[in-house]
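Peer 1: Okay, here's the structure, questions in a sec.
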Amino acid sequence: MSAKLLVMLGLGLGVQFAVPSIAVSAIASDLSQIQAQGRLVVAVKDNWYPLGFRDDQGMLQGFEVDLARQLALELLGDEDAVDLQPVANQDRLAAVVEREADIAIAGVTLTEARQRVVTFSLPYYLEGTGLITRNPQVQALGDLRRRRVAVLDGSSAIAPLRQRLPQAQLVGVESYQAALVLLEQGDADAFAGDGSLLAGWSQVNDDYRLLPTLISADPLAIVLPKGTRYSSLRQSINQILRGWHDSGWLAERANHWGLP
């Protein structure tokens, strides 16, 4: 089992990633304050390759880190005028709601429930449920009929899996590490999870292949605080995102990081 793969997944054998705490003082600002301060504070991931991760030198890199730096360049004229704040999954919305970061670009899917708590930008990427395998007999989605597919317990991937592969045997697992063990032992033929993370998984281990079909699509968007006070910030970010879409810059960055 590849040690690099375990590290990339944020798994390790009993080792937990340390997530730096965010400053207690409230710092979320509207656009005019951000420009006056000359800094943009962005909550990001540091253990989700290739969206946000630490390289061999401990520097933050990834698709969403590129977005944060480019936003700082377009809003403030300097791509280094950004403070990147790594957060755990459960703290991605809280960082913005509690005004500890101006925005979050941290693998957050836009959902109706979350819109009651925060505001979202336009989507910058369509995340989806993908399937990864090391079984040479599995080359396409149809090859998984009547085969064993590992999936996280309670995952939103279960419903589309049952719809697309009704005869597959779903095997519940508690973590990505548990799924990796099943695949390595041959006790599962594929694993269903976030397409972006599985793309990174396949990039660092040649034994694994991401199947070409995503079975769901969920928009990732930038998280902003609710309230009219932040409308100018949201409008500016949306205008920038439209420009990135139209120029092809977003697609180029996604391709650069091997995202499906």
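Identifiers for the structure tokens are assigned positionally: chains receive A, B, ... in sequence, residues are indexed from 1 per chain, and ligands are indexed from 1 in the order shown.
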Find the residues around Asp83 of chain A up to 9 Å (only C-alpha atoms counted), leave out those fewer than 6 positions away in its own chain, and share them as JSON, numbers by chain.

Peer 2: {"A": [39, 40, 41, 42, 43]}

Peer 1: Going by DSSP on the backbone, which bits of segment 25-243 of chain A are strand (DSSP E)? Write them as a PyMOL selection string, please.

Peer 2: chain A and resi 40-44+47-48+52-54+60-61+82-86+103-104+119-127+129-133+148-152+169-173+190-194+209-210+218-224

Peer 1: So, counting only C-alpha atoms, which residue among A:Gly62, A:Gly186, A:Pro136, A:Pro123 is closest to Ile222 of chain A?

Peer 2: A:Pro123

Peer 1: Using only C-alpha atoms, can you tell me which of A:Leu31, A:Leu131, A:Leu210, A:Leu122 comes closest to Ala72 of chain A?

Peer 2: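 Looking only at the distances to Ala72 of chain A, the closest residue turns out to be A:Leu31.
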
Peer 1: Would you list the contacts of segment 246-253 of chain A as a list in words, taking every protein, DNA or RNA residue within 9 Å and counting only C-alpha atoms, but skipping same-chain residues closer than 4 positions in sequence?

Peer 2: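 So, after excluding close chain neighbours, the residues are Phe63, Asp66, Leu67, Tyr124, Tyr125, Leu241, Arg242, Trp257, Gly258 and Leu259 of chain A.
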
Peer 1: Those same residues - N, CA and C atoms - I'd like them written as a PDB file, in the first residue's frame.

Peer 2:
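result_10.pdb, freshly written:
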```pdb
ATOM      1  N   PHE A  63      -5.894  23.365  -6.730  1.00  0.00           N
ATOM      2  CA  PHE A  63      -6.835  24.085  -7.578  1.00  0.00           C
ATOM      3  C   PHE A  63      -7.487  25.242  -6.828  1.00  0.00           C
ATOM      4  N   ASP A  66      -5.110  28.044  -5.995  1.00  0.00           N
ATOM      5  CA  ASP A  66      -4.923  28.895  -7.179  1.00  0.00           C
ATOM      6  C   ASP A  66      -6.046  29.923  -7.284  1.00  0.00           C
ATOM      7  N   LEU A  67      -7.284  29.482  -7.024  1.00  0.00           N
ATOM      8  CA  LEU A  67      -8.433  30.400  -7.083  1.00  0.00           C
ATOM      9  C   LEU A  67      -8.293  31.507  -6.053  1.00  0.00           C
ATOM     10  N   TYR A 124     -17.799  27.305  -9.356  1.00  0.00           N
ATOM     11  CA  TYR A 124     -16.529  27.333 -10.075  1.00  0.00           C
ATOM     12  C   TYR A 124     -16.116  25.946 -10.558  1.00  0.00           C
ATOM     13  N   TYR A 125     -16.799  24.909 -10.082  1.00  0.00           N
ATOM     14  CA  TYR A 125     -16.458  23.551 -10.512  1.00  0.00           C
ATOM     15  C   TYR A 125     -17.627  22.628 -10.200  1.00  0.00           C
ATOM     16  N   LEU A 241     -15.568  35.411 -11.512  1.00  0.00           N
ATOM     17  CA  LEU A 241     -15.799  34.019 -11.900  1.00  0.00           C
ATOM     18  C   LEU A 241     -16.316  33.913 -13.333  1.00  0.00           C
ATOM     19  N   ARG A 242     -17.221  34.820 -13.715  1.00  0.00           N
ATOM     20  CA  ARG A 242     -17.705  34.822 -15.105  1.00  0.00           C
ATOM     21  C   ARG A 242     -16.543  35.029 -16.072  1.00  0.00           C
ATOM     22  N   TRP A 257      -4.650  20.436 -12.748  1.00  0.00           N
ATOM     23  CA  TRP A 257      -4.657  19.604 -11.534  1.00  0.00           C
ATOM     24  C   TRP A 257      -5.290  18.241 -11.768  1.00  0.00           C
ATOM     25  N   GLY A 258      -5.591  17.906 -13.022  1.00  0.00           N
ATOM     26  CA  GLY A 258      -6.087  16.576 -13.348  1.00  0.00           C
ATOM     27  C   GLY A 258      -7.473  16.295 -12.843  1.00  0.00           C
ATOM     28  N   LEU A 259      -8.300  17.331 -12.710  1.00  0.00           N
ATOM     29  CA  LEU A 259      -9.657  17.132 -12.213  1.00  0.00           C
ATOM     30  C   LEU A 259     -10.554  16.593 -13.337  1.00  0.00           C
TER      31      LEU A 259
END
```

Peer 1: Which of these, A:Thr109, A:Gln167, A:Gln85, A:Thr119, has the shortest distance to Leu60 of chain A once you count only C-alpha atoms?

Peer 2: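 Of the candidates, the smallest distance to Leu60 of chain A is held by A:Gln85.
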
Peer 1: Tell me which of A:Ala81, A:Leu165, A:Val97, A:Ala104 sits closest to Gly52 of chain A, counting only C-alpha atoms.

Peer 2: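 Of A:Ala81, A:Leu165, A:Val97, A:Ala104, the one nearest Gly52 of chain A, counting only C-alpha atoms, is A:Ala104.
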
Peer 1: Using only C-alpha atoms, find the one residue out of A:Asn255, A:Ser216, A:Thr111, A:Ser231 that sits nearest to Arg164 of chain A.

Peer 2: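 Closest residue, counting only C-alpha atoms: A:Ser216.
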
Peer 1: Write out as an mmCIF file with N, CA and C atoms, in the first residue's frame which residues come within 10 Å of Val108 of chain A when counting only C-alpha atoms, dropping same-chain ones fewer than 3 positions away.

Peer 2:
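The resulting file, around32.cif, is reproduced below:
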```cif
data_model
loop_
_atom_site.group_PDB
_atom_site.id
_atom_site.type_symbol
_atom_site.label_atom_id
_atom_site.label_comp_id
_atom_site.auth_asym_id
_atom_site.auth_seq_id
_atom_site.Cartn_x
_atom_site.Cartn_y
_atom_site.Cartn_z
ATOM 1 N N VAL A 44 -9.393 27.437 3.493
ATOM 2 C CA VAL A 44 -9.102 26.441 2.458
ATOM 3 C C VAL A 44 -8.855 25.088 3.120
ATOM 4 N N ASN A 89 -13.228 19.929 7.679
ATOM 5 C CA ASN A 89 -14.493 19.924 6.939
ATOM 6 C C ASN A 89 -15.631 20.520 7.749
ATOM 7 N N ARG A 92 -15.804 24.487 7.792
ATOM 8 C CA ARG A 92 -15.736 25.287 6.565
ATOM 9 C C ARG A 92 -16.764 26.407 6.556
ATOM 10 N N LEU A 93 -18.004 26.121 6.961
ATOM 11 C CA LEU A 93 -19.025 27.173 7.017
ATOM 12 C C LEU A 93 -18.831 28.052 8.242
ATOM 13 N N ALA A 104 -14.719 31.255 2.073
ATOM 14 C CA ALA A 104 -14.167 29.898 2.109
ATOM 15 C C ALA A 104 -14.174 29.326 0.697
ATOM 16 N N ILE A 105 -13.044 28.796 0.284
ATOM 17 C CA ILE A 105 -12.939 28.041 -0.976
ATOM 18 C C ILE A 105 -12.368 26.693 -0.559
ATOM 19 N N THR A 111 -25.747 23.743 -1.547
ATOM 20 C CA THR A 111 -26.984 23.028 -1.252
ATOM 21 C C THR A 111 -28.010 23.988 -0.667
ATOM 22 N N ARG A 114 -27.473 24.582 3.112
ATOM 23 C CA ARG A 114 -26.365 25.483 3.432
ATOM 24 C C ARG A 114 -26.699 26.925 3.079
ATOM 25 N N PHE A 120 -23.632 31.895 -1.357
ATOM 26 C CA PHE A 120 -22.677 31.279 -2.260
ATOM 27 C C PHE A 120 -22.453 32.159 -3.488
ATOM 28 N N GLU A 127 -18.372 19.243 -8.904
ATOM 29 C CA GLU A 127 -17.909 18.038 -8.229
ATOM 30 C C GLU A 127 -18.895 16.920 -8.538
ATOM 31 N N ASP A 218 -22.430 17.935 -8.486
ATOM 32 C CA ASP A 218 -22.762 18.903 -7.440
ATOM 33 C C ASP A 218 -21.850 20.114 -7.577
ATOM 34 N N PRO A 219 -22.415 21.321 -7.645
ATOM 35 C CA PRO A 219 -21.579 22.507 -7.852
ATOM 36 C C PRO A 219 -20.797 22.902 -6.604
ATOM 37 N N LEU A 220 -19.504 23.139 -6.791
ATOM 38 C CA LEU A 220 -18.689 23.753 -5.747
ATOM 39 C C LEU A 220 -18.733 25.262 -5.939
ATOM 40 N N ALA A 221 -18.876 25.990 -4.825
ATOM 41 C CA ALA A 221 -18.964 27.446 -4.910
ATOM 42 C C ALA A 221 -18.247 28.073 -3.720
ATOM 43 N N ILE A 222 -17.933 29.350 -3.857
ATOM 44 C CA ILE A 222 -17.266 30.095 -2.792
ATOM 45 C C ILE A 222 -18.292 30.487 -1.734
ATOM 46 N N VAL A 223 -17.940 30.268 -0.481
ATOM 47 C CA VAL A 223 -18.824 30.585 0.644
ATOM 48 C C VAL A 223 -18.572 32.022 1.103
#
```
